[in-house]
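With mmCIF, C-alpha atoms inside, this is coords.cif:
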```cif
data_entry
loop_
_atom_site.label_atom_id
_atom_site.label_comp_id
_atom_site.auth_asym_id
_atom_site.auth_seq_id
_atom_site.Cartn_x
_atom_site.Cartn_y
_atom_site.Cartn_z
CA MET A 83 64.54 50.61 59.37
CA ASN A 84 61.38 50.48 61.34
CA GLY A 85 59.60 47.42 62.67
CA VAL A 86 60.41 43.83 61.90
CA ALA A 87 62.20 43.08 58.68
CA PRO A 88 60.41 40.64 56.41
CA ARG A 89 61.82 37.12 56.69
CA ASP A 90 63.10 35.61 53.43
CA GLY A 91 61.64 38.61 51.65
CA VAL A 92 58.08 37.62 52.59
CA ALA A 93 55.81 39.89 54.58
CA PRO A 94 54.92 38.38 57.99
CA GLU A 95 51.18 38.18 57.27
CA VAL A 96 51.80 36.44 53.95
CA ALA A 97 54.26 34.01 55.53
CA GLY A 98 51.63 33.21 58.19
CA ALA A 99 49.00 32.45 55.57
CA GLY A 100 51.45 30.27 53.64
CA SER A 101 52.37 28.41 56.77
CA TRP A 102 48.68 27.83 57.56
CA ARG A 103 48.15 26.51 54.07
CA ALA A 104 51.22 24.31 54.30
CA ASN A 105 49.99 22.92 57.62
CA ALA A 106 46.54 22.21 56.19
CA PHE A 107 48.14 20.51 53.21
CA ALA A 108 50.36 18.39 55.48
CA LEU A 109 47.41 17.43 57.68
CA GLY A 110 45.37 16.55 54.60
CA ALA A 111 48.15 14.29 53.41
CA VAL A 112 48.30 12.60 56.82
CA ALA A 113 44.54 12.09 56.73
CA ALA A 114 44.91 10.57 53.24
CA ARG A 115 47.64 8.26 54.54
CA TRP A 116 45.53 7.13 57.49
CA LEU A 117 42.39 6.77 55.39
CA LEU A 118 44.08 4.70 52.70
CA GLY A 119 46.04 2.64 55.24
CA GLY A 120 43.08 2.12 57.57
CA LEU A 121 40.80 1.10 54.73
CA PHE A 122 43.25 -1.51 53.47
CA VAL A 123 43.84 -2.88 56.97
CA TYR A 124 40.07 -3.23 57.44
CA THR A 125 39.28 -4.79 54.07
CA GLY A 126 42.37 -7.00 54.23
CA LEU A 127 41.34 -8.37 57.63
CA GLU A 128 37.76 -8.89 56.41
CA LYS A 129 39.08 -11.08 53.60
CA ALA A 130 41.69 -12.83 55.74
CA ALA A 131 39.01 -13.73 58.30
CA ASP A 132 37.25 -15.90 55.71
CA PRO A 133 39.80 -16.84 53.06
CA VAL A 134 37.55 -19.54 51.62
CA ALA A 135 34.84 -16.98 50.80
CA PHE A 136 37.49 -14.74 49.24
CA LEU A 137 38.89 -17.71 47.30
CA LYS A 138 35.44 -18.36 45.79
CA LEU A 139 35.10 -14.70 44.81
CA VAL A 140 38.55 -14.53 43.23
CA ARG A 141 37.72 -17.68 41.27
CA GLN A 142 34.77 -15.89 39.67
CA TYR A 143 37.22 -13.61 37.86
CA ASP A 144 38.79 -16.53 36.01
CA LEU A 145 42.24 -14.97 36.40
CA VAL A 146 44.41 -18.07 36.51
CA GLN A 147 44.24 -21.73 35.51
CA SER A 148 46.49 -23.08 38.21
CA ALA A 149 45.00 -24.03 41.59
CA TYR A 150 48.28 -23.05 43.27
CA LEU A 151 48.22 -19.53 41.82
CA LEU A 152 44.56 -19.09 42.69
CA ASN A 153 45.23 -20.15 46.28
CA ALA A 154 48.29 -17.91 46.43
CA ILE A 155 46.28 -14.88 45.32
CA ALA A 156 43.40 -15.57 47.70
CA GLY A 157 45.62 -16.57 50.61
CA ALA A 158 48.28 -13.88 50.39
CA LEU A 159 46.59 -10.81 48.91
CA PRO A 160 44.53 -9.93 52.03
CA TRP A 161 47.61 -10.08 54.21
CA PHE A 162 49.59 -8.05 51.67
CA GLU A 163 46.93 -5.35 51.95
CA VAL A 164 47.09 -5.49 55.74
CA PHE A 165 50.88 -5.18 55.62
CA CYS A 166 50.87 -2.14 53.31
CA GLY A 167 47.94 -0.60 55.19
CA LEU A 168 49.78 -0.88 58.50
CA LEU A 169 52.86 0.75 56.98
CA LEU A 170 50.76 3.69 55.81
CA VAL A 171 48.98 4.09 59.15
CA THR A 172 52.24 4.06 61.09
CA GLY A 173 54.11 6.06 58.46
CA VAL A 174 56.81 3.58 57.54
CA ALA A 175 58.12 3.39 53.97
CA VAL A 176 55.14 5.49 52.92
CA ARG A 177 55.92 5.90 49.24
CA GLY A 178 56.74 2.25 48.71
CA ALA A 179 53.62 1.11 50.57
CA ALA A 180 51.43 3.54 48.61
CA ALA A 181 53.01 2.40 45.34
CA ALA A 182 52.38 -1.24 46.23
CA LEU A 183 48.73 -0.54 47.01
CA VAL A 184 48.24 1.46 43.82
CA GLY A 185 49.89 -1.43 42.00
CA VAL A 186 47.25 -3.75 43.46
CA LEU A 187 44.34 -1.34 43.01
CA ILE A 188 44.77 -0.62 39.30
CA PRO A 189 44.72 -4.20 37.96
CA PHE A 190 41.95 -5.22 40.35
CA THR A 191 39.84 -2.25 39.33
CA ALA A 192 40.31 -3.39 35.74
CA VAL A 193 39.16 -6.95 36.46
CA VAL A 194 36.22 -5.74 38.55
CA TRP A 195 35.22 -3.48 35.66
CA HIS A 196 35.50 -6.38 33.21
CA ARG A 197 33.43 -8.65 35.45
CA ALA A 198 30.77 -5.94 35.73
CA LEU A 199 30.59 -5.71 31.93
CA VAL A 200 30.09 -9.48 31.71
CA LEU A 201 27.33 -9.35 34.34
CA GLN A 202 25.72 -6.38 32.62
CA ALA A 203 25.58 -8.29 29.33
CA ALA A 204 24.21 -11.42 31.03
CA ARG A 205 21.55 -9.57 33.02
CA GLY A 206 20.67 -6.97 30.38
CA ILE A 207 20.64 -4.07 32.83
CA PRO A 208 22.31 -0.62 32.83
CA PHE A 209 25.98 -0.68 33.80
CA CYS A 210 25.50 1.32 36.99
CA ALA A 211 22.70 -1.03 38.11
CA VAL A 212 25.15 -3.94 38.24
CA LYS A 213 25.59 -4.95 41.88
CA PHE A 214 27.78 -7.81 43.02
CA ASN A 215 30.29 -8.88 45.62
CA CYS A 216 33.56 -7.95 43.98
CA GLY A 217 35.69 -9.51 46.71
CA CYS A 218 36.75 -6.06 47.82
CA GLY A 219 35.96 -6.76 51.47
CA THR A 220 32.84 -4.61 51.60
CA GLY A 221 30.16 -7.06 50.45
CA GLU A 222 27.84 -6.37 47.52
CA VAL A 223 28.40 -3.00 45.86
CA PHE A 224 27.09 -1.07 42.88
CA ILE A 225 29.78 -1.02 40.23
CA CYS A 226 29.79 2.71 39.46
CA GLY A 227 30.23 3.60 43.13
CA LYS A 228 33.01 1.04 43.42
CA LEU A 229 34.85 2.37 40.37
CA LEU A 230 34.62 5.95 41.68
CA GLU A 231 35.85 4.82 45.08
CA ASN A 232 38.81 3.01 43.55
CA PHE A 233 39.64 6.01 41.36
CA ALA A 234 39.68 8.22 44.46
CA LEU A 235 41.87 5.73 46.31
CA VAL A 236 44.32 5.62 43.40
CA LEU A 237 44.49 9.42 43.45
CA LEU A 238 45.20 9.39 47.20
CA GLY A 239 47.88 6.77 46.64
CA VAL A 240 49.51 8.80 43.87
CA TRP A 241 49.47 11.84 46.15
CA LEU A 242 51.38 9.85 48.75
CA ILE A 243 53.79 8.48 46.15
CA ALA A 244 54.48 12.09 45.16
CA GLY A 245 56.04 12.64 48.58
CA CYS A 246 53.18 13.83 50.79
CA GLY A 247 52.11 12.40 54.13
CA ARG A 248 55.49 12.88 55.80
CA LYS A 249 54.04 14.54 58.91
CA TRP A 250 53.71 12.25 61.95
CA SER A 251 55.26 9.37 60.09
CA TRP A 252 57.40 7.06 62.16
CA ARG A 253 59.97 6.33 59.50
CA TYR A 254 58.95 7.88 56.20
CA SER A 255 61.83 6.32 54.26
CA VAL A 256 63.31 3.03 55.32
CA ILE A 257 66.36 3.61 53.13
CA PRO A 258 68.01 6.91 54.10
CA PRO A 259 68.40 9.39 51.21
CA ALA A 260 71.88 9.65 49.69
CA ALA A 261 74.11 12.39 51.14
CA GLY A 262 73.88 15.72 49.36
CA LYS A 263 70.32 15.15 48.23
CA MET B 230 58.52 -3.40 49.47
CA ALA B 231 56.70 -5.90 47.28
CA VAL B 232 59.07 -8.68 48.36
CA ALA B 233 58.74 -7.83 52.06
CA GLY B 234 54.96 -7.60 51.69
CA ALA B 235 54.75 -10.90 49.87
CA ALA B 236 56.94 -12.60 52.48
CA PHE B 237 54.72 -11.24 55.25
CA ALA B 238 51.56 -12.24 53.38
CA PHE B 239 52.60 -15.84 52.72
CA ALA B 240 53.88 -16.25 56.28
CA ALA B 241 50.61 -14.86 57.70
CA ASN B 242 48.57 -17.21 55.50
CA GLU B 243 50.71 -20.11 56.66
CA LEU B 244 50.36 -19.20 60.35
CA SER B 245 46.68 -18.31 60.25
CA PRO B 246 44.45 -21.16 61.48
CA ARG B 247 42.10 -20.31 58.61
CA GLY B 248 44.88 -19.98 56.05
CA LEU B 249 44.60 -21.68 52.66
CA ASP B 250 46.62 -24.74 51.76
CA LEU B 251 48.36 -23.46 48.65
CA ALA B 252 49.05 -26.90 47.24
CA ARG B 253 45.45 -28.06 47.37
CA ASN B 254 42.89 -27.83 44.57
CA TYR B 255 39.78 -26.59 46.35
CA PHE B 256 37.69 -26.85 43.19
CA PRO B 257 38.35 -30.29 41.74
CA SER B 258 36.90 -30.80 38.30
CA GLY B 259 36.63 -34.52 38.82
CA ALA B 260 38.91 -35.14 35.87
CA GLY B 261 41.95 -32.89 35.48
CA SER B 262 43.94 -30.93 38.02
CA SER B 263 43.08 -27.45 36.80
CA VAL B 264 40.63 -25.26 38.65
CA ALA B 265 37.05 -25.91 37.59
CA ARG B 266 35.22 -22.63 37.37
CA PRO B 267 31.62 -21.50 37.17
CA ASN B 268 30.01 -19.97 34.12
CA ALA B 269 31.53 -16.47 34.01
CA SER B 270 28.37 -15.00 32.61
CA ALA B 271 26.02 -16.58 35.13
CA PRO B 272 22.70 -14.81 34.83
CA ALA B 273 20.82 -13.15 37.66
CA PRO B 274 18.64 -15.35 39.87
CA VAL B 275 15.86 -16.81 37.78
CA THR B 276 12.18 -16.60 38.63
CA THR B 277 10.11 -18.14 35.86
CA ALA B 278 9.43 -21.86 35.62
CA THR B 279 11.21 -22.08 32.27
CA ASN B 280 14.29 -20.39 33.65
CA GLU B 281 14.18 -22.60 36.74
CA ASN B 282 14.11 -25.69 34.54
CA SER B 283 16.97 -24.35 32.47
CA ALA B 284 19.00 -23.52 35.60
CA ALA B 285 18.32 -26.99 37.01
CA ALA B 286 19.43 -28.55 33.73
CA GLU B 287 22.66 -26.53 33.87
CA ILE B 288 23.33 -27.71 37.40
CA ASP B 289 22.64 -31.32 36.44
CA GLN B 290 25.04 -31.02 33.51
CA ARG B 291 27.72 -29.48 35.72
CA VAL B 292 27.37 -32.33 38.20
CA ARG B 293 27.49 -34.94 35.42
CA ASP B 294 30.57 -33.28 33.91
CA LYS B 295 32.35 -34.01 37.18
CA GLY B 296 31.43 -37.67 36.97
CA LEU B 297 28.77 -37.37 39.66
CA GLN B 298 25.04 -38.15 39.65
CA PRO B 299 22.50 -35.34 40.11
CA LEU B 300 19.30 -35.65 42.11
CA ASP B 301 16.25 -33.41 41.99
CA ARG B 302 14.12 -32.46 44.99
CA LEU B 303 11.49 -35.16 44.55
CA GLN B 304 14.13 -37.87 44.36
CA THR B 305 15.91 -36.39 47.38
CA GLU B 306 12.64 -36.18 49.31
CA ARG B 307 11.88 -39.83 48.50
CA LEU B 308 15.26 -40.88 49.83
CA PHE B 309 14.75 -38.75 52.95
CA HIS B 310 11.44 -40.52 53.68
CA ASP B 311 12.82 -43.96 52.76
CA PRO B 312 12.92 -46.28 55.83
CA ARG B 313 16.55 -47.03 54.96
CA TYR B 314 17.37 -43.43 55.93
CA ASP B 315 16.68 -44.23 59.58
CA ASP B 316 18.71 -47.43 59.27
CA GLY B 317 21.77 -45.51 58.05
CA LEU B 318 21.67 -47.07 54.60
CA ILE B 319 20.92 -43.71 53.06
CA VAL B 320 23.14 -40.89 54.28
CA PHE B 321 22.83 -37.15 53.69
CA VAL B 322 25.92 -34.93 53.81
CA ASP B 323 25.77 -31.15 54.24
CA ALA B 324 28.69 -29.35 52.54
CA ARG B 325 27.88 -25.74 53.49
CA GLY B 326 30.24 -25.14 56.39
CA GLU B 327 29.83 -25.11 60.14
CA ASP B 328 27.86 -21.88 60.67
CA ASP B 329 25.29 -22.63 57.98
CA TYR B 330 24.97 -26.20 59.24
CA HIS B 331 24.17 -25.04 62.75
CA ASP B 332 21.69 -22.48 61.46
CA GLY B 333 19.74 -25.27 59.80
CA HIS B 334 20.30 -28.52 57.93
CA ILE B 335 18.34 -31.49 56.64
CA PRO B 336 17.61 -33.61 59.73
CA GLY B 337 20.15 -36.38 60.18
CA ALA B 338 22.62 -34.94 57.67
CA TYR B 339 26.31 -35.18 58.49
CA GLU B 340 28.52 -32.12 58.19
CA LEU B 341 31.44 -32.10 55.72
CA ASP B 342 33.00 -28.76 54.88
CA PRO B 343 35.01 -29.45 51.70
CA PHE B 344 37.34 -26.57 52.52
CA HIS B 345 38.18 -27.99 55.96
CA PRO B 346 37.64 -31.72 55.45
CA ASP B 347 40.03 -32.86 58.20
CA LYS B 348 37.57 -31.65 60.81
CA ASP B 349 34.65 -33.79 59.65
CA MET B 350 35.95 -36.57 57.41
CA ALA B 351 36.52 -39.07 60.20
CA ASN B 352 32.87 -38.73 61.35
CA VAL B 353 31.42 -38.89 57.85
CA LEU B 354 33.48 -41.59 56.22
CA ALA B 355 32.32 -44.60 58.26
CA PRO B 356 28.56 -43.95 57.78
CA CYS B 357 29.17 -43.32 54.06
CA GLN B 358 31.00 -46.63 53.75
CA ILE B 359 28.02 -48.46 55.29
CA ALA B 360 25.41 -46.57 53.25
CA VAL B 361 24.12 -47.72 49.88
CA GLN B 362 23.31 -44.16 48.79
CA VAL B 363 24.98 -40.92 49.83
CA VAL B 364 23.29 -37.61 49.02
CA VAL B 365 25.47 -34.50 49.22
CA TYR B 366 24.05 -30.98 49.13
CA CYS B 367 25.12 -27.38 49.67
CA THR B 368 23.23 -24.12 49.22
CA GLY B 369 22.21 -24.99 45.66
CA GLY B 370 22.37 -23.04 42.41
CA ASP B 371 25.87 -21.82 41.65
CA CYS B 372 27.22 -23.40 44.83
CA GLU B 373 29.64 -26.19 43.92
CA ASP B 374 30.66 -27.16 47.43
CA ALA B 375 28.47 -30.28 47.25
CA ASP B 376 30.35 -31.36 44.13
CA SER B 377 33.67 -30.79 45.91
CA ALA B 378 32.53 -32.71 49.00
CA ALA B 379 31.28 -35.59 46.85
CA LEU B 380 34.61 -35.74 45.03
CA LEU B 381 36.42 -35.75 48.36
CA LEU B 382 34.31 -38.71 49.46
CA ARG B 383 35.00 -40.44 46.16
CA ASP B 384 38.74 -39.86 46.61
CA ALA B 385 38.44 -41.24 50.15
CA GLY B 386 37.12 -44.52 48.75
CA ILE B 387 33.35 -44.08 48.54
CA SER B 388 32.11 -45.69 45.34
CA ARG B 389 31.05 -43.23 42.64
CA GLU B 390 27.91 -45.27 41.99
CA LYS B 391 26.42 -44.46 45.36
CA LEU B 392 27.31 -40.75 45.42
CA PHE B 393 24.57 -38.27 44.48
CA VAL B 394 24.43 -34.48 44.46
CA TYR B 395 21.18 -32.70 45.26
CA GLY B 396 21.61 -29.73 42.91
CA GLY B 397 18.77 -27.61 44.27
CA GLY B 398 20.43 -27.78 47.65
CA PHE B 399 19.28 -26.40 50.96
CA THR B 400 17.64 -23.33 49.39
CA ASP B 401 15.36 -25.55 47.31
CA TRP B 402 14.67 -27.75 50.36
CA THR B 403 13.58 -24.85 52.56
CA ASP B 404 11.70 -23.16 49.70
CA HIS B 405 9.43 -26.22 49.73
CA HIS B 406 8.98 -26.09 53.51
CA LEU B 407 10.63 -29.42 54.15
CA PRO B 408 11.91 -30.36 57.62
CA VAL B 409 14.95 -28.59 59.00
CA ALA B 410 17.00 -29.34 62.12
CA ARG B 411 19.19 -26.78 63.87
CA GLY B 412 22.33 -27.08 65.95
CA GLU B 413 24.32 -30.27 66.20
CA ARG B 414 23.43 -33.42 64.25
CA ASN B 415 20.34 -35.23 65.58
CA SER B 416 18.98 -32.16 67.31
CA PRO B 417 15.16 -32.33 67.29
CA ALA B 418 13.80 -31.41 63.85
CA ALA B 419 12.59 -27.85 63.83
CA PRO B 420 9.56 -26.72 61.86
CA ALA B 421 10.24 -25.80 58.27
CA GLN B 422 11.60 -22.32 57.83
CA THR B 423 9.17 -19.79 56.52
CA LYS B 424 10.20 -17.14 54.06
#
```
Encoded form using C-alpha cells:
Amino acid sequence: MNGVAPRDGVAPEVAGAGSWRANAFALGAVAARWLLGGLFVYTGLEKAADPVAFLKLVRQYDLVQSAYLLNAIAGALPWFEVFCGLLLVTGVAVRGAAAALVGVLIPFTAVVWHRALVLQAARGIPFCAVKFNCGCGTGEVFICGKLLENFALVLLGVWLIAGCGRKWSWRYSVIPPAAGK
Amino acid sequence: MAVAGAAFAFAANELSPRGLDLARNYFPSGAGSSVARPNASAPAPVTTATNENSAAAEIDQRVRDKGLQPLDRLQTERLFHDPRYDDGLIVFVDARGEDDYHDGHIPGAYELDPFHPDKDMANVLAPCQIAVQVVVYCTGGDCEDADSAALLLRDAGISREKLFVYGGGFTDWTDHHLPVARGERNSPAAPAQTK
C-alpha cells in the first residue's frame, strides 16, 4: 500500500469537497436562522413599540368579534414574535421556534392576501398594485412583494424545522433526544 | 413552545408601559359590547367633489350610528369663532394622541387620547362639564378615535346632547388653511400649515 488510505472509502480530495459543501450548507442554515430570527425580533419590537397602531391594523382584518380576543392578538402577538425570534438568533429550541413562526406566518399570509383582494376589488386596480400597511411591522408594502417575502420566510422556516441551523446554536433542543436515537 | 411563547407574550404585554388592557373595548360601538369595525372594503382616498360628499355622508352616518352628532367644517369653524369659545363654553377636544397633538392642533383644543385616557381625562373632564358644546376631532376620514373619545366623555358623564364629532377632522381643518397651534395647549397659534 502506498500513500494514505482513503478514509471511509472516500478519496481525500472528494472528502474535502464534501466537507466544504457541508460547511457551506451549515453556514447557510445558520444565516437563515439569524435572518428569520432577527427579522421577527425587529418587526415584533416595531409592533410592540406602538401596540395601539397595531391594534387598529389588526382590527381592519375583521378576524374576531370579541374585544378581548382582538386585544389579546394585538397585545401578545408582537411579543410572541420577539420570543421566537430571540430563540432562533440564540439557537435555543430551534425547530420548535421555527415551527411556531411558520404557524404564525401561514395564517397571517392568508389574511393579508384576503385583505388585498378586498382592497383590489374596492379600488379597481391590478392585484400587484395594491399597497397597504398590513400590520407586518414594515409599514406600507406592495402585496405581491409581501407575499413573495412571506413565502421565502416560510421556506426558511421549513428548512430549520427539517433539522438545519444546528451550528453555533446554544441549545438546539431543549428536550434531550431519547437514548439510542 | 407555543405555551411558553404565549406566557412570555402576555407577561410582556402586561409589564410593558404601552401594553394593551385586554379587558377594555378600545372601539366602543356606542351600543353593544362587540368591537365596532370600519368598512372592510373602504375605497382609496377620494378626490372628486361627489366622492368627497359621499365619504362625508358615510362618516356622518357612522357617527350617528354610535349615537353621536356629526359636525361639518363650516359648523366647526363657526363654533371656533364663536365668542363662547374664548369663555370656555365651547370646548374642542383633540383625540389623535400626544405626538400628533404636539405637531399641531386646533388652537385651544384639549388633548384626550382615547387609548390612554387616564393621562388626560382629569384635565379634560372639568372644562367639558362647564361647556355647553364639546367638539371632538381626530385625523378625519376613516379615523374613529374622535368617536371613541366622545363615547369616553359620554361614559364619564358628559351629556350626549352637547357632544359633537367633527368628521372631517384635523386633515380637513388644515386642508382649508385654518389656524393651527403647536406644542402644549395655549401655545401661540401658528400660521396655517401649507401643503
**Asked** Written as a PyMOL selection string, which residues does the PyMOL selection byres ((chain A) within 10 of (chain B)) give for the file shown?
**Response** chain A and resi 130-134+137-138+141-144+146-166+175+177-183+185+197-206+256
Env of A:Gly120: 8 Å cut, atoms = all atoms listed in the file, seq-sep filter 6 positions within chain, self excluded. Answer as an mmCIF file with C-alpha atoms, in the frame of the given file.
```cif
data_model
loop_
_atom_site.group_PDB
_atom_site.id
_atom_site.type_symbol
_atom_site.label_atom_id
_atom_site.label_comp_id
_atom_site.auth_asym_id
_atom_site.auth_seq_id
_atom_site.Cartn_x
_atom_site.Cartn_y
_atom_site.Cartn_z
ATOM 1 C CA GLY A 167 47.940 -0.600 55.190
ATOM 2 C CA LEU A 168 49.780 -0.880 58.500
ATOM 3 C CA VAL A 171 48.980 4.090 59.150
#
```
**Message:** With the PyMOL selection byres ((chain A and resi 254) around 8) as the selection, what would be picked from this file? Answer as a list in words, please.
**Reply:** Gly173, Val174, Ala175, Val176, Arg177, Arg248, Ser251, Trp252, Arg253, Ser255 and Val256 of chain A
Take the residues just selected and output them with C-alpha atoms as a JSON list (two decimals), in the frame of the given file.
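The result, stored in again_12.json:
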```
[["chain", "number", "residue", "atom", "x", "y", "z"],
["A", 173, "GLY", "CA", 54.11, 6.06, 58.46],
["A", 174, "VAL", "CA", 56.81, 3.58, 57.54],
["A", 175, "ALA", "CA", 58.12, 3.39, 53.97],
["A", 176, "VAL", "CA", 55.14, 5.49, 52.92],
["A", 177, "ARG", "CA", 55.92, 5.90, 49.24],
["A", 248, "ARG", "CA", 55.49, 12.88, 55.80],
["A", 251, "SER", "CA", 55.26, 9.37, 60.09],
["A", 252, "TRP", "CA", 57.40, 7.06, 62.16],
["A", 253, "ARG", "CA", 59.97, 6.33, 59.50],
["A", 255, "SER", "CA", 61.83, 6.32, 54.26],
["A", 256, "VAL", "CA", 63.31, 3.03, 55.32]]
```
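Separating atom CA of B:His405 from atom CA of B:Asn282 is a distance of 15.9 Å.
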Please check which residues have atoms at most 12 Å from (31.1, -36.8, 50.7) in the file's coordinates, counting only C-alpha atoms, and write them as a PDB file with C-alpha atoms, keeping the file's coordinate frame.
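This is the output file out-v4.pdb:
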```
ATOM      1  CA  LEU B 297      28.770 -37.370  39.660  1.00  0.00           C
ATOM      2  CA  VAL B 320      23.140 -40.890  54.280  1.00  0.00           C
ATOM      3  CA  PHE B 321      22.830 -37.150  53.690  1.00  0.00           C
ATOM      4  CA  VAL B 322      25.920 -34.930  53.810  1.00  0.00           C
ATOM      5  CA  ASP B 323      25.770 -31.150  54.240  1.00  0.00           C
ATOM      6  CA  ALA B 324      28.690 -29.350  52.540  1.00  0.00           C
ATOM      7  CA  ARG B 325      27.880 -25.740  53.490  1.00  0.00           C
ATOM      8  CA  ALA B 338      22.620 -34.940  57.670  1.00  0.00           C
ATOM      9  CA  TYR B 339      26.310 -35.180  58.490  1.00  0.00           C
ATOM     10  CA  GLU B 340      28.520 -32.120  58.190  1.00  0.00           C
ATOM     11  CA  LEU B 341      31.440 -32.100  55.720  1.00  0.00           C
ATOM     12  CA  ASP B 342      33.000 -28.760  54.880  1.00  0.00           C
ATOM     13  CA  PRO B 343      35.010 -29.450  51.700  1.00  0.00           C
ATOM     14  CA  PRO B 346      37.640 -31.720  55.450  1.00  0.00           C
ATOM     15  CA  ASP B 349      34.650 -33.790  59.650  1.00  0.00           C
ATOM     16  CA  MET B 350      35.950 -36.570  57.410  1.00  0.00           C
ATOM     17  CA  ALA B 351      36.520 -39.070  60.200  1.00  0.00           C
ATOM     18  CA  ASN B 352      32.870 -38.730  61.350  1.00  0.00           C
ATOM     19  CA  VAL B 353      31.420 -38.890  57.850  1.00  0.00           C
ATOM     20  CA  LEU B 354      33.480 -41.590  56.220  1.00  0.00           C
ATOM     21  CA  ALA B 355      32.320 -44.600  58.260  1.00  0.00           C
ATOM     22  CA  PRO B 356      28.560 -43.950  57.780  1.00  0.00           C
ATOM     23  CA  CYS B 357      29.170 -43.320  54.060  1.00  0.00           C
ATOM     24  CA  GLN B 358      31.000 -46.630  53.750  1.00  0.00           C
ATOM     25  CA  ALA B 360      25.410 -46.570  53.250  1.00  0.00           C
ATOM     26  CA  GLN B 362      23.310 -44.160  48.790  1.00  0.00           C
ATOM     27  CA  VAL B 363      24.980 -40.920  49.830  1.00  0.00           C
ATOM     28  CA  VAL B 364      23.290 -37.610  49.020  1.00  0.00           C
ATOM     29  CA  VAL B 365      25.470 -34.500  49.220  1.00  0.00           C
ATOM     30  CA  TYR B 366      24.050 -30.980  49.130  1.00  0.00           C
ATOM     31  CA  CYS B 367      25.120 -27.380  49.670  1.00  0.00           C
ATOM     32  CA  ASP B 374      30.660 -27.160  47.430  1.00  0.00           C
ATOM     33  CA  ALA B 375      28.470 -30.280  47.250  1.00  0.00           C
ATOM     34  CA  ASP B 376      30.350 -31.360  44.130  1.00  0.00           C
ATOM     35  CA  SER B 377      33.670 -30.790  45.910  1.00  0.00           C
ATOM     36  CA  ALA B 378      32.530 -32.710  49.000  1.00  0.00           C
ATOM     37  CA  ALA B 379      31.280 -35.590  46.850  1.00  0.00           C
ATOM     38  CA  LEU B 380      34.610 -35.740  45.030  1.00  0.00           C
ATOM     39  CA  LEU B 381      36.420 -35.750  48.360  1.00  0.00           C
ATOM     40  CA  LEU B 382      34.310 -38.710  49.460  1.00  0.00           C
ATOM     41  CA  ARG B 383      35.000 -40.440  46.160  1.00  0.00           C
ATOM     42  CA  ASP B 384      38.740 -39.860  46.610  1.00  0.00           C
ATOM     43  CA  ALA B 385      38.440 -41.240  50.150  1.00  0.00           C
ATOM     44  CA  GLY B 386      37.120 -44.520  48.750  1.00  0.00           C
ATOM     45  CA  ILE B 387      33.350 -44.080  48.540  1.00  0.00           C
ATOM     46  CA  SER B 388      32.110 -45.690  45.340  1.00  0.00           C
ATOM     47  CA  ARG B 389      31.050 -43.230  42.640  1.00  0.00           C
ATOM     48  CA  LYS B 391      26.420 -44.460  45.360  1.00  0.00           C
ATOM     49  CA  LEU B 392      27.310 -40.750  45.420  1.00  0.00           C
ATOM     50  CA  PHE B 393      24.570 -38.270  44.480  1.00  0.00           C
ATOM     51  CA  VAL B 394      24.430 -34.480  44.460  1.00  0.00           C
TER      52      VAL B 394
END
```
**Asked** So which residues get picked by the PyMOL selection byres ((chain A and resi 115) around 9) here, written as a list in words?
**Response** Gly110, Ala111, Val112, Ala113, Ala114, Trp116, Leu117, Leu118, Gly119, Gly120, Gly167, Leu170, Val171, Gly173, Val176, Ala180, Leu238, Gly239, Leu242, Cys246 and Gly247 of chain A
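The spacing separating atom CA of A:Phe209 from atom CA of A:Ile225 amounts to 7.5 Å.
Pairwise distance (atom CA of B:Ile335, atom CA of B:Phe399) equals 7.7 Å.
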**Message:** I'd like to know which of A:Glu128, A:Asn215, A:Val184, A:Val193 is closest to A:Trp241, using all atoms listed in the file.
**Reply:** A:Val184
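For the residues B:Val361, B:Ala286, B:Val409, B:Val232, ranking by smallest atom-to-atom distance to B:Leu318 using all atoms listed in the file places B:Val361 first.
With distances taken over all atoms listed in the file, B:Gly412 is the one residue among B:Gly412, B:Gly296, B:Pro312, B:Gly396 lying closest to B:Asp332.
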**Message:** From the options B:Glu390, B:Thr368, B:Ala285, B:Ile319, which residue's atoms come nearest to B:Asp404, counting all atoms listed in the file?
**Reply:** B:Thr368
Could you rebuild stretch 234-243 of chain A with N, CA and C atoms and give it back as a short mmCIF file (atom, residue, chain, number, x, y, z; two decimals), in the coordinates of the input?
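The resulting file, part.cif, is shown below:
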```cif
data_model
loop_
_atom_site.label_atom_id
_atom_site.label_comp_id
_atom_site.auth_asym_id
_atom_site.auth_seq_id
_atom_site.Cartn_x
_atom_site.Cartn_y
_atom_site.Cartn_z
N ALA A 234 39.28 7.29 43.39
CA ALA A 234 39.68 8.22 44.46
C ALA A 234 40.84 7.65 45.27
N LEU A 235 40.79 6.35 45.53
CA LEU A 235 41.87 5.73 46.31
C LEU A 235 43.20 5.76 45.53
N VAL A 236 43.10 5.55 44.21
CA VAL A 236 44.32 5.62 43.40
C VAL A 236 44.89 7.04 43.45
N LEU A 237 44.01 8.04 43.38
CA LEU A 237 44.49 9.42 43.45
C LEU A 237 45.18 9.69 44.80
N LEU A 238 44.58 9.21 45.87
CA LEU A 238 45.20 9.39 47.20
C LEU A 238 46.57 8.70 47.23
N GLY A 239 46.62 7.51 46.66
CA GLY A 239 47.88 6.77 46.64
C GLY A 239 48.95 7.51 45.85
N VAL A 240 48.55 8.06 44.70
CA VAL A 240 49.51 8.80 43.87
C VAL A 240 50.00 10.05 44.62
N TRP A 241 49.10 10.66 45.36
CA TRP A 241 49.47 11.84 46.15
C TRP A 241 50.56 11.46 47.17
N LEU A 242 50.38 10.30 47.77
CA LEU A 242 51.38 9.85 48.75
C LEU A 242 52.69 9.47 48.06
N ILE A 243 52.58 8.85 46.89
CA ILE A 243 53.79 8.48 46.15
C ILE A 243 54.57 9.74 45.78
#
```
